[in-house]
Amino acid sequence: MKQLTLNKRQHNITLATVFAFAGVLYCLISLVNHYLFKTYALDLGLYTNAMYDFAHLRMDDCSMFLTQTRSILSAHFDLYLLLLSPLVYIFGSYTLLVVQIAAVLLGGWGIYKLIGLYTDDNRMPLLAVTVFFFSFGILHALSYDYHSNVLTAMMLPWLLYFVKKGRFGLASLMVVLFVIGKENLSLWLFFVAIGLMWDYRKEKKTLWFLLGYAVFALAYFLIVNMVVLPRIGGAGISRYDHLGSNYVEIGQRLVGHPMETLRNLFTNTTGDPAFDGRKPEFYWCALATGLVLTLLKPNYLFMLIPLLAQKMFATDVMFWGVSVHYNVEIMPVIVIASFLVIVKLKKSAMRLALSVALLLSTVLTTFYTIGVPHSFVFVDQICVYQGRHYQQRKFDANYARELIRQIPDDASVSAASMFVPHLALRDDIYDLDSRPNPGADYVLITEPYFDKVKYWKKVFPDCDNYDTVATDGTLFLLRRKP
């Protein structure tokens, strides 16, 4: 029997409270954003419309934002959308947000179970999952639409748990679910499997499974990225084309110029001083959230290599900072590694003190990334403790919902980006910014769009062919003339 440091009732109440608080917080971030039209065509609208097509047993053609037909799988080879598509009949336009929240909670449960395998001190799993739930990488990922790498990252704790338990059938299932999330994450799994081999270096059976997972992950990565995606019109690696035109050239550049590679992990490569400090800010925040303890687990640092590379070598400066979903995969790695270090401490008081210190540091860091970061942050979409989070200050959200209800379900619609996710469950929906003048039956826009199309006619050159069905002076619902 394990010697508990909390009695069973105290433990269960605390655990339920942590999960309940996290679940409510996540809903206040993600679902409130959607309700108030703070989600957008890219990416939630596009993914929701693709699921609608999959649920009707047809492939999506990306017509929402492209004039040329192309499968959504060519942008990201994300098979989760296929698996999740029937849920649109239950949760509607909220489907992916609900799934994303559920995935994070399940990922937290996996961390709780995993850390519990390493210690008799039942406070440690509780503190581990609390640190994870309130880390900046998790909260910011929920603040902006849906992304499949959030779901994939939540597979990691369960993969490690099943490997530790020796349940390789379920571990193999996690491996499959891991790689189908997005075309780049199978490379991360390769590093995870290789890194884990150090922990199980004395267990021959486990080593063979981990080697098999590594080989499978690398093969999947190469086949999808070098064979499948090019054949279905994949967009390629434009964010990294400064390093090479393909993965072989990129690898040669990174390995062949080690000092440049190391320098680019930390420095602003744009030449624009406005972006100075974004990379160091991320590292300081990561150190305060557990990376400092991860330094004592070098094999877990090894797991971070592809994550930091795809983050810091990208030409898109949004990747570098502390916001959106570009840090979510890093969080389970550093939290798990931190608590694997902590639970090895012999003195209970030291374990508790270090765990509580990490929790406080994590919470303060999260508040910093919301309140005063150097990086760009969508503050209105995450500051749940401020009134502006619960307001749509650009237009009347209730009136927008009323206008959406006036649009027939079978009508084609072109809309401003923030309205597209709410209109995505139909055959023809277009993002007006990406697809100017698609000839839709209805157009839903705000006043700035209306002024632009009325006077400049750049986005909407045939606006004279539409009548205004309803308006409050800020929102406009237009219908094509007979």
# chains A, B, ... in the order shown; residues from 1 in each chain; ligands from 1
$ residues_around --residues "range 239-248 of chain A" --least-positions-apart "6" --cutoff "9 Å" --atoms "only C-alpha atoms" --output "VMD selection string"
chain A and resid 225 to 226 254 310 313 to 316
$ select_by_dssp --residues "range 353-478 of chain A" --states "alpha helix (DSSP H)" --output "PyMOL selection string"
chain A and resi 353-371+397-405+447-451
$ write_last_selection --atoms "N, CA, C and O atoms" --output "compact mmCIF listing (two decimals), in the first residue's frame"
# COMPACT_ATOMS: atom_id res chain seq x y z
N ALA A 353 8.07 21.94 -1.10
CA ALA A 353 8.53 23.32 -1.27
C ALA A 353 8.86 23.62 -2.73
O ALA A 353 8.45 24.65 -3.27
N LEU A 354 9.58 22.70 -3.38
CA LEU A 354 9.97 22.93 -4.78
C LEU A 354 8.76 22.88 -5.70
O LEU A 354 8.65 23.68 -6.65
N SER A 355 7.82 21.98 -5.42
CA SER A 355 6.62 21.88 -6.25
C SER A 355 5.76 23.13 -6.12
O SER A 355 5.26 23.65 -7.13
N VAL A 356 5.56 23.61 -4.90
CA VAL A 356 4.76 24.81 -4.69
C VAL A 356 5.46 26.02 -5.32
O VAL A 356 4.81 26.89 -5.92
N ALA A 357 6.78 26.08 -5.20
CA ALA A 357 7.53 27.18 -5.82
C ALA A 357 7.35 27.16 -7.33
O ALA A 357 7.17 28.21 -7.97
N LEU A 358 7.38 25.97 -7.92
CA LEU A 358 7.18 25.85 -9.37
C LEU A 358 5.76 26.27 -9.75
O LEU A 358 5.56 26.95 -10.77
N LEU A 359 4.78 25.89 -8.95
CA LEU A 359 3.41 26.29 -9.23
C LEU A 359 3.25 27.80 -9.18
O LEU A 359 2.64 28.41 -10.08
N LEU A 360 3.78 28.43 -8.15
CA LEU A 360 3.69 29.89 -8.04
C LEU A 360 4.42 30.57 -9.19
O LEU A 360 3.91 31.54 -9.77
N SER A 361 5.60 30.06 -9.52
CA SER A 361 6.35 30.62 -10.64
C SER A 361 5.57 30.49 -11.95
O SER A 361 5.53 31.41 -12.78
N THR A 362 4.91 29.34 -12.14
CA THR A 362 4.12 29.10 -13.35
C THR A 362 2.95 30.07 -13.45
O THR A 362 2.70 30.67 -14.50
N VAL A 363 2.22 30.22 -12.36
CA VAL A 363 1.05 31.11 -12.36
C VAL A 363 1.47 32.55 -12.61
O VAL A 363 0.84 33.28 -13.40
N LEU A 364 2.53 33.00 -11.95
CA LEU A 364 3.00 34.37 -12.14
C LEU A 364 3.48 34.58 -13.58
O LEU A 364 3.22 35.64 -14.18
N THR A 365 4.13 33.58 -14.13
CA THR A 365 4.58 33.68 -15.53
C THR A 365 3.39 33.77 -16.48
O THR A 365 3.41 34.55 -17.44
N THR A 366 2.37 32.98 -16.21
CA THR A 366 1.17 33.03 -17.05
C THR A 366 0.53 34.40 -17.00
O THR A 366 0.14 34.97 -18.04
N PHE A 367 0.42 34.98 -15.81
CA PHE A 367 -0.13 36.33 -15.70
C PHE A 367 0.74 37.33 -16.45
O PHE A 367 0.23 38.26 -17.10
N TYR A 368 2.05 37.16 -16.37
CA TYR A 368 2.95 38.05 -17.11
C TYR A 368 2.68 37.96 -18.61
O TYR A 368 2.62 38.98 -19.31
N THR A 369 2.53 36.74 -19.15
CA THR A 369 2.34 36.58 -20.59
C THR A 369 1.01 37.14 -21.06
O THR A 369 0.84 37.44 -22.24
N ILE A 370 0.07 37.29 -20.14
CA ILE A 370 -1.21 37.89 -20.50
C ILE A 370 -1.15 39.41 -20.37
O ILE A 370 -1.68 40.15 -21.20
N GLY A 371 -0.48 39.87 -19.30
CA GLY A 371 -0.55 41.29 -18.97
C GLY A 371 0.47 42.18 -19.63
O GLY A 371 0.12 43.21 -20.22
N ALA A 397 -23.03 41.72 -30.69
CA ALA A 397 -22.96 40.28 -30.94
C ALA A 397 -24.34 39.65 -31.03
O ALA A 397 -24.56 38.73 -31.83
N ASN A 398 -25.30 40.12 -30.23
CA ASN A 398 -26.66 39.56 -30.29
C ASN A 398 -27.30 39.86 -31.63
O ASN A 398 -28.00 39.00 -32.21
N TYR A 399 -27.06 41.05 -32.15
CA TYR A 399 -27.62 41.40 -33.45
C TYR A 399 -26.96 40.56 -34.55
O TYR A 399 -27.62 40.15 -35.52
N ALA A 400 -25.68 40.28 -34.41
CA ALA A 400 -24.99 39.42 -35.38
C ALA A 400 -25.62 38.04 -35.43
O ALA A 400 -25.82 37.46 -36.50
N ARG A 401 -25.94 37.50 -34.24
CA ARG A 401 -26.59 36.19 -34.21
C ARG A 401 -27.98 36.25 -34.86
O ARG A 401 -28.41 35.30 -35.52
N GLU A 402 -28.66 37.35 -34.66
CA GLU A 402 -29.98 37.52 -35.28
C GLU A 402 -29.87 37.53 -36.80
O GLU A 402 -30.68 36.91 -37.51
N LEU A 403 -28.86 38.21 -37.33
CA LEU A 403 -28.66 38.25 -38.78
C LEU A 403 -28.31 36.87 -39.33
O LEU A 403 -28.78 36.48 -40.39
N ILE A 404 -27.48 36.13 -38.59
CA ILE A 404 -27.09 34.79 -39.03
C ILE A 404 -28.32 33.88 -39.11
O ILE A 404 -28.44 33.06 -40.02
N ARG A 405 -29.24 34.04 -38.16
CA ARG A 405 -30.46 33.22 -38.18
C ARG A 405 -31.33 33.52 -39.40
O ARG A 405 -32.14 32.69 -39.81
N GLU A 447 -19.21 47.47 -40.64
CA GLU A 447 -19.14 48.77 -41.30
C GLU A 447 -17.80 49.03 -41.99
O GLU A 447 -17.80 49.53 -43.12
N PRO A 448 -16.66 48.72 -41.38
CA PRO A 448 -15.40 48.97 -42.09
C PRO A 448 -15.31 48.22 -43.41
O PRO A 448 -14.82 48.76 -44.39
N TYR A 449 -15.82 46.99 -43.45
CA TYR A 449 -15.85 46.25 -44.70
C TYR A 449 -16.78 46.93 -45.70
O TYR A 449 -16.48 47.05 -46.88
N PHE A 450 -17.92 47.37 -45.20
CA PHE A 450 -18.91 47.98 -46.08
C PHE A 450 -18.36 49.26 -46.71
O PHE A 450 -18.53 49.50 -47.90
N ASP A 451 -17.68 50.06 -45.91
CA ASP A 451 -17.07 51.26 -46.46
C ASP A 451 -16.03 50.91 -47.52
O ASP A 451 -15.97 51.53 -48.58
$ residues_around --residues "Lys38 in chain A" --least-positions-apart "4" --cutoff "10 Å" --atoms "only C-alpha atoms" --output "compact mmCIF listing (two decimals) with N, CA and C atoms, in the first residue's frame"
# COMPACT_ATOMS: atom_id res chain seq x y z
N SER A 30 -12.25 29.77 -24.20
CA SER A 30 -12.50 29.29 -25.57
C SER A 30 -13.94 29.47 -26.02
N LEU A 31 -14.88 28.99 -25.23
CA LEU A 31 -16.28 29.04 -25.65
C LEU A 31 -16.83 30.46 -25.64
N VAL A 32 -16.41 31.25 -24.67
CA VAL A 32 -16.84 32.66 -24.65
C VAL A 32 -16.30 33.41 -25.86
N ASN A 33 -15.05 33.13 -26.22
CA ASN A 33 -14.49 33.76 -27.42
C ASN A 33 -15.34 33.46 -28.65
N HIS A 34 -15.74 32.21 -28.79
CA HIS A 34 -16.55 31.85 -29.96
C HIS A 34 -17.92 32.50 -29.90
N SER A 143 -6.78 30.15 -26.36
CA SER A 143 -7.30 31.50 -26.57
C SER A 143 -7.51 31.85 -28.03
N TYR A 144 -7.00 31.03 -28.93
CA TYR A 144 -7.12 31.38 -30.34
C TYR A 144 -7.51 30.15 -31.17
N ASP A 145 -8.82 30.00 -31.39
CA ASP A 145 -9.34 28.97 -32.28
C ASP A 145 -8.93 27.55 -31.87
N PHE A 378 -3.19 38.23 -28.00
CA PHE A 378 -4.59 38.61 -28.16
C PHE A 378 -5.22 38.73 -26.77
N ASP A 380 -7.64 40.44 -25.32
CA ASP A 380 -9.09 40.37 -25.13
C ASP A 380 -9.61 38.95 -25.17
N GLN A 381 -8.83 38.04 -25.74
CA GLN A 381 -9.28 36.66 -25.90
C GLN A 381 -8.81 35.74 -24.79
N HIS A 389 -12.98 40.91 -21.76
CA HIS A 389 -13.01 39.57 -22.33
C HIS A 389 -14.44 39.14 -22.66
N GLN A 391 -16.89 41.05 -23.69
CA GLN A 391 -17.53 42.04 -24.54
C GLN A 391 -17.05 41.90 -25.98
N GLN A 392 -17.95 42.18 -26.90
CA GLN A 392 -17.57 42.36 -28.29
C GLN A 392 -17.75 43.84 -28.57
N SER A 417 -14.24 37.58 -41.47
CA SER A 417 -13.57 36.43 -40.87
C SER A 417 -14.22 35.98 -39.57
N MET A 418 -14.61 36.92 -38.70
CA MET A 418 -15.13 36.54 -37.38
C MET A 418 -16.50 35.86 -37.46
N PHE A 419 -17.20 36.01 -38.58
CA PHE A 419 -18.51 35.37 -38.72
C PHE A 419 -18.43 34.00 -39.38
N PRO A 421 -16.73 31.12 -38.79
CA PRO A 421 -16.90 29.89 -38.00
C PRO A 421 -18.34 29.59 -37.64
$ closest_residue --among "A:Tyr466, A:Ala217, A:Gly92, A:Asp409" --to "Asn437 in chain A" --atoms "only C-alpha atoms"
A:Tyr466
$ residues_around --residues "Val24 in chain A" --least-positions-apart "5" --cutoff "12 Å" --atoms "only C-alpha atoms" --output "PDB file with all heavy atoms, in the first residue's frame"
ATOM      1  N   THR A  17     -11.483  19.577  -7.552  1.00  0.00           N
ATOM      2  CA  THR A  17     -11.482  21.042  -7.590  1.00  0.00           C
ATOM      3  C   THR A  17     -10.556  21.569  -8.669  1.00  0.00           C
ATOM      4  O   THR A  17     -10.901  22.498  -9.414  1.00  0.00           O
ATOM      5  CB  THR A  17     -11.059  21.605  -6.216  1.00  0.00           C
ATOM      6  OG1 THR A  17     -11.963  21.148  -5.217  1.00  0.00           O
ATOM      7  CG2 THR A  17     -11.048  23.128  -6.238  1.00  0.00           C
ATOM      8  N   VAL A  18      -9.370  20.972  -8.766  1.00  0.00           N
ATOM      9  CA  VAL A  18      -8.407  21.402  -9.788  1.00  0.00           C
ATOM     10  C   VAL A  18      -8.988  21.206 -11.186  1.00  0.00           C
ATOM     11  O   VAL A  18      -8.931  22.108 -12.035  1.00  0.00           O
ATOM     12  CB  VAL A  18      -7.082  20.632  -9.637  1.00  0.00           C
ATOM     13  CG1 VAL A  18      -6.175  20.867 -10.845  1.00  0.00           C
ATOM     14  CG2 VAL A  18      -6.368  21.048  -8.364  1.00  0.00           C
ATOM     15  N   PHE A  19      -9.557  20.037 -11.439  1.00  0.00           N
ATOM     16  CA  PHE A  19     -10.112  19.759 -12.763  1.00  0.00           C
ATOM     17  C   PHE A  19     -11.328  20.636 -13.052  1.00  0.00           C
ATOM     18  O   PHE A  19     -11.486  21.129 -14.177  1.00  0.00           O
ATOM     19  CB  PHE A  19     -10.463  18.276 -12.890  1.00  0.00           C
ATOM     20  CG  PHE A  19      -9.330  17.431 -13.368  1.00  0.00           C
ATOM     21  CD1 PHE A  19      -8.344  16.999 -12.490  1.00  0.00           C
ATOM     22  CD2 PHE A  19      -9.227  17.063 -14.701  1.00  0.00           C
ATOM     23  CE1 PHE A  19      -7.284  16.225 -12.922  1.00  0.00           C
ATOM     24  CE2 PHE A  19      -8.170  16.284 -15.145  1.00  0.00           C
ATOM     25  CZ  PHE A  19      -7.193  15.863 -14.253  1.00  0.00           C
ATOM     26  N   ILE A  29     -12.504  30.882 -21.504  1.00  0.00           N
ATOM     27  CA  ILE A  29     -11.616  31.390 -22.549  1.00  0.00           C
ATOM     28  C   ILE A  29     -12.153  31.038 -23.928  1.00  0.00           C
ATOM     29  O   ILE A  29     -12.501  31.909 -24.724  1.00  0.00           O
ATOM     30  CB  ILE A  29     -10.195  30.817 -22.381  1.00  0.00           C
ATOM     31  CG1 ILE A  29      -9.558  31.307 -21.084  1.00  0.00           C
ATOM     32  CG2 ILE A  29      -9.316  31.216 -23.566  1.00  0.00           C
ATOM     33  CD1 ILE A  29      -8.229  30.645 -20.765  1.00  0.00           C
ATOM     34  N   SER A  30     -12.254  29.765 -24.203  1.00  0.00           N
ATOM     35  CA  SER A  30     -12.495  29.292 -25.565  1.00  0.00           C
ATOM     36  C   SER A  30     -13.941  29.468 -26.024  1.00  0.00           C
ATOM     37  O   SER A  30     -14.205  30.023 -27.098  1.00  0.00           O
ATOM     38  CB  SER A  30     -12.092  27.819 -25.659  1.00  0.00           C
ATOM     39  OG  SER A  30     -12.210  27.348 -26.975  1.00  0.00           O
ATOM     40  N   LEU A  31     -14.881  28.994 -25.227  1.00  0.00           N
ATOM     41  CA  LEU A  31     -16.281  29.040 -25.655  1.00  0.00           C
ATOM     42  C   LEU A  31     -16.831  30.462 -25.643  1.00  0.00           C
ATOM     43  O   LEU A  31     -17.633  30.840 -26.509  1.00  0.00           O
ATOM     44  CB  LEU A  31     -17.129  28.127 -24.771  1.00  0.00           C
ATOM     45  CG  LEU A  31     -16.693  26.655 -24.710  1.00  0.00           C
ATOM     46  CD1 LEU A  31     -17.723  25.824 -23.960  1.00  0.00           C
ATOM     47  CD2 LEU A  31     -16.444  26.086 -26.101  1.00  0.00           C
ATOM     48  N   VAL A  32     -16.409  31.254 -24.674  1.00  0.00           N
ATOM     49  CA  VAL A  32     -16.840  32.661 -24.646  1.00  0.00           C
ATOM     50  C   VAL A  32     -16.296  33.407 -25.864  1.00  0.00           C
ATOM     51  O   VAL A  32     -17.002  34.212 -26.478  1.00  0.00           O
ATOM     52  CB  VAL A  32     -16.398  33.338 -23.333  1.00  0.00           C
ATOM     53  CG1 VAL A  32     -16.560  34.853 -23.416  1.00  0.00           C
ATOM     54  CG2 VAL A  32     -17.213  32.790 -22.162  1.00  0.00           C
ATOM     55  N   VAL A  98     -14.829  22.299 -28.097  1.00  0.00           N
ATOM     56  CA  VAL A  98     -15.185  21.357 -27.036  1.00  0.00           C
ATOM     57  C   VAL A  98     -14.178  20.207 -26.997  1.00  0.00           C
ATOM     58  O   VAL A  98     -13.705  19.801 -25.928  1.00  0.00           O
ATOM     59  CB  VAL A  98     -16.613  20.827 -27.242  1.00  0.00           C
ATOM     60  CG1 VAL A  98     -16.918  19.684 -26.286  1.00  0.00           C
ATOM     61  CG2 VAL A  98     -17.631  21.955 -27.057  1.00  0.00           C
ATOM     62  N   ILE A 101     -10.813  21.388 -25.478  1.00  0.00           N
ATOM     63  CA  ILE A 101     -10.865  21.492 -24.018  1.00  0.00           C
ATOM     64  C   ILE A 101     -10.824  20.111 -23.383  1.00  0.00           C
ATOM     65  O   ILE A 101     -10.071  19.869 -22.423  1.00  0.00           O
ATOM     66  CB  ILE A 101     -12.139  22.253 -23.588  1.00  0.00           C
ATOM     67  CG1 ILE A 101     -12.035  23.716 -23.987  1.00  0.00           C
ATOM     68  CG2 ILE A 101     -12.359  22.132 -22.078  1.00  0.00           C
ATOM     69  CD1 ILE A 101     -13.334  24.495 -23.808  1.00  0.00           C
ATOM     70  N   ALA A 102     -11.620  19.193 -23.915  1.00  0.00           N
ATOM     71  CA  ALA A 102     -11.644  17.830 -23.375  1.00  0.00           C
ATOM     72  C   ALA A 102     -10.267  17.174 -23.496  1.00  0.00           C
ATOM     73  O   ALA A 102      -9.823  16.455 -22.586  1.00  0.00           O
ATOM     74  CB  ALA A 102     -12.690  16.996 -24.107  1.00  0.00           C
ATOM     75  N   LEU A 105      -7.906  18.456 -20.752  1.00  0.00           N
ATOM     76  CA  LEU A 105      -8.248  17.847 -19.459  1.00  0.00           C
ATOM     77  C   LEU A 105      -7.790  16.390 -19.407  1.00  0.00           C
ATOM     78  O   LEU A 105      -7.269  15.934 -18.378  1.00  0.00           O
ATOM     79  CB  LEU A 105      -9.755  17.953 -19.217  1.00  0.00           C
ATOM     80  CG  LEU A 105     -10.296  19.383 -19.027  1.00  0.00           C
ATOM     81  CD1 LEU A 105     -11.810  19.373 -18.941  1.00  0.00           C
ATOM     82  CD2 LEU A 105      -9.693  20.042 -17.785  1.00  0.00           C
ATOM     83  N   PHE A 133      -1.987  22.571 -16.040  1.00  0.00           N
ATOM     84  CA  PHE A 133      -3.240  23.216 -16.438  1.00  0.00           C
ATOM     85  C   PHE A 133      -3.121  24.730 -16.542  1.00  0.00           C
ATOM     86  O   PHE A 133      -3.777  25.354 -17.377  1.00  0.00           O
ATOM     87  CB  PHE A 133      -4.343  22.876 -15.438  1.00  0.00           C
ATOM     88  CG  PHE A 133      -4.999  21.534 -15.682  1.00  0.00           C
ATOM     89  CD1 PHE A 133      -5.663  20.885 -14.647  1.00  0.00           C
ATOM     90  CD2 PHE A 133      -4.975  20.934 -16.926  1.00  0.00           C
ATOM     91  CE1 PHE A 133      -6.290  19.669 -14.865  1.00  0.00           C
ATOM     92  CE2 PHE A 133      -5.591  19.710 -17.157  1.00  0.00           C
ATOM     93  CZ  PHE A 133      -6.246  19.070 -16.116  1.00  0.00           C
ATOM     94  N   VAL A 384      -9.559  36.576 -18.803  1.00  0.00           N
ATOM     95  CA  VAL A 384     -10.869  36.233 -18.249  1.00  0.00           C
ATOM     96  C   VAL A 384     -11.186  37.002 -16.970  1.00  0.00           C
ATOM     97  O   VAL A 384     -12.339  37.050 -16.544  1.00  0.00           O
ATOM     98  CB  VAL A 384     -10.971  34.722 -17.964  1.00  0.00           C
ATOM     99  CG1 VAL A 384     -10.909  33.939 -19.256  1.00  0.00           C
ATOM    100  CG2 VAL A 384      -9.869  34.276 -17.004  1.00  0.00           C
TER     101      VAL A 384
END
$ closest_residue --among "A:Leu28, A:Ala22, A:Val215, A:Leu82" --to "Tyr52 in chain A" --atoms "only C-alpha atoms"
A:Leu82
$ residues_around --residues "range 73-80 of chain A" --least-positions-apart "2" --cutoff "12 Å" --atoms "only C-alpha atoms" --output "ChimeraX atom specification"
/A:42-43,46-48,50-51,54,59-62,66,69-71,82-87,96,99-100,146-152,176-186,220-221,223-225,227-238
$ closest_residue --among "A:Phe136, A:Phe275, A:Tyr161, A:Trp109" --to "Ile382 in chain A" --atoms "only C-alpha atoms"
A:Phe136
$ closest_residue --among "A:Thr39, A:Ser434, A:Ser338, A:Thr67" --to "Pro125 in chain A" --atoms "only C-alpha atoms"
A:Ser338
$ residues_around --residues "Pro408 in chain A" --least-positions-apart "5" --cutoff "10 Å" --atoms "only C-alpha atoms" --output "PyMOL selection string"
chain A and resi 413+426+441-442
$ write_last_selection --atoms "C-alpha atoms" --output "PDB file, in the first residue's frame"
ATOM      1  CA  VAL A 413     -22.455  33.050 -47.842  1.00  0.00           C
ATOM      2  CA  ARG A 426     -22.962  24.703 -44.933  1.00  0.00           C
ATOM      3  CA  ASP A 441     -26.160  34.570 -52.147  1.00  0.00           C
ATOM      4  CA  TYR A 442     -25.599  36.501 -48.905  1.00  0.00           C
TER       5      TYR A 442
END
$ atom_distance --atom1 "CA of Ala214 in chain A" --atom2 "CA of Leu189 in chain A"
7.0 Å
$ atom_distance --atom1 "CA of Ile429 in chain A" --atom2 "CA of Val88 in chain A"
16.2 Å
$ atom_distance --atom1 "CA of His140 in chain A" --atom2 "CA of Asn299 in chain A"
26.4 Å
$ decode --residues "range 398-411 of chain A" --atoms "N, CA, C and O atoms" --output "mmCIF file, in the first residue's frame"
data_model
loop_
_atom_site.group_PDB
_atom_site.id
_atom_site.type_symbol
_atom_site.label_atom_id
_atom_site.label_comp_id
_atom_site.auth_asym_id
_atom_site.auth_seq_id
_atom_site.Cartn_x
_atom_site.Cartn_y
_atom_site.Cartn_z
ATOM 1 N N ASN A 398 -25.296 40.124 -30.227
ATOM 2 C CA ASN A 398 -26.656 39.558 -30.290
ATOM 3 C C ASN A 398 -27.298 39.857 -31.633
ATOM 4 O O ASN A 398 -27.996 39.004 -32.207
ATOM 5 N N TYR A 399 -27.063 41.053 -32.149
ATOM 6 C CA TYR A 399 -27.621 41.395 -33.453
ATOM 7 C C TYR A 399 -26.959 40.559 -34.555
ATOM 8 O O TYR A 399 -27.625 40.147 -35.519
ATOM 9 N N ALA A 400 -25.676 40.276 -34.408
ATOM 10 C CA ALA A 400 -24.987 39.424 -35.381
ATOM 11 C C ALA A 400 -25.616 38.037 -35.425
ATOM 12 O O ALA A 400 -25.824 37.461 -36.504
ATOM 13 N N ARG A 401 -25.939 37.498 -34.244
ATOM 14 C CA ARG A 401 -26.592 36.187 -34.212
ATOM 15 C C ARG A 401 -27.977 36.246 -34.859
ATOM 16 O O ARG A 401 -28.407 35.297 -35.520
ATOM 17 N N GLU A 402 -28.664 37.354 -34.665
ATOM 18 C CA GLU A 402 -29.984 37.516 -35.284
ATOM 19 C C GLU A 402 -29.869 37.535 -36.801
ATOM 20 O O GLU A 402 -30.679 36.912 -37.511
ATOM 21 N N LEU A 403 -28.858 38.215 -37.328
ATOM 22 C CA LEU A 403 -28.662 38.254 -38.775
ATOM 23 C C LEU A 403 -28.306 36.872 -39.325
ATOM 24 O O LEU A 403 -28.784 36.479 -40.387
ATOM 25 N N ILE A 404 -27.478 36.134 -38.589
ATOM 26 C CA ILE A 404 -27.093 34.789 -39.030
ATOM 27 C C ILE A 404 -28.317 33.881 -39.108
ATOM 28 O O ILE A 404 -28.438 33.058 -40.024
ATOM 29 N N ARG A 405 -29.241 34.044 -38.156
ATOM 30 C CA ARG A 405 -30.462 33.217 -38.177
ATOM 31 C C ARG A 405 -31.328 33.524 -39.396
ATOM 32 O O ARG A 405 -32.137 32.693 -39.809
ATOM 33 N N GLN A 406 -31.179 34.695 -39.988
ATOM 34 C CA GLN A 406 -31.977 35.058 -41.167
ATOM 35 C C GLN A 406 -31.450 34.437 -42.458
ATOM 36 O O GLN A 406 -32.149 34.444 -43.475
ATOM 37 N N ILE A 407 -30.245 33.899 -42.416
ATOM 38 C CA ILE A 407 -29.638 33.333 -43.618
ATOM 39 C C ILE A 407 -30.090 31.887 -43.780
ATOM 40 O O ILE A 407 -29.903 31.074 -42.868
ATOM 41 N N PRO A 408 -30.676 31.514 -44.904
ATOM 42 C CA PRO A 408 -31.110 30.119 -45.116
ATOM 43 C C PRO A 408 -29.937 29.148 -45.039
ATOM 44 O O PRO A 408 -28.805 29.475 -45.425
ATOM 45 N N ASP A 409 -30.197 27.961 -44.536
ATOM 46 C CA ASP A 409 -29.140 26.962 -44.363
ATOM 47 C C ASP A 409 -28.514 26.531 -45.683
ATOM 48 O O ASP A 409 -27.340 26.126 -45.711
ATOM 49 N N ASP A 410 -29.271 26.591 -46.769
ATOM 50 C CA ASP A 410 -28.748 26.132 -48.055
ATOM 51 C C ASP A 410 -28.169 27.265 -48.898
ATOM 52 O O ASP A 410 -27.784 27.062 -50.046
ATOM 53 N N ALA A 411 -28.088 28.467 -48.349
ATOM 54 C CA ALA A 411 -27.572 29.607 -49.095
ATOM 55 C C ALA A 411 -26.051 29.648 -49.039
ATOM 56 O O ALA A 411 -25.432 29.242 -48.048
#
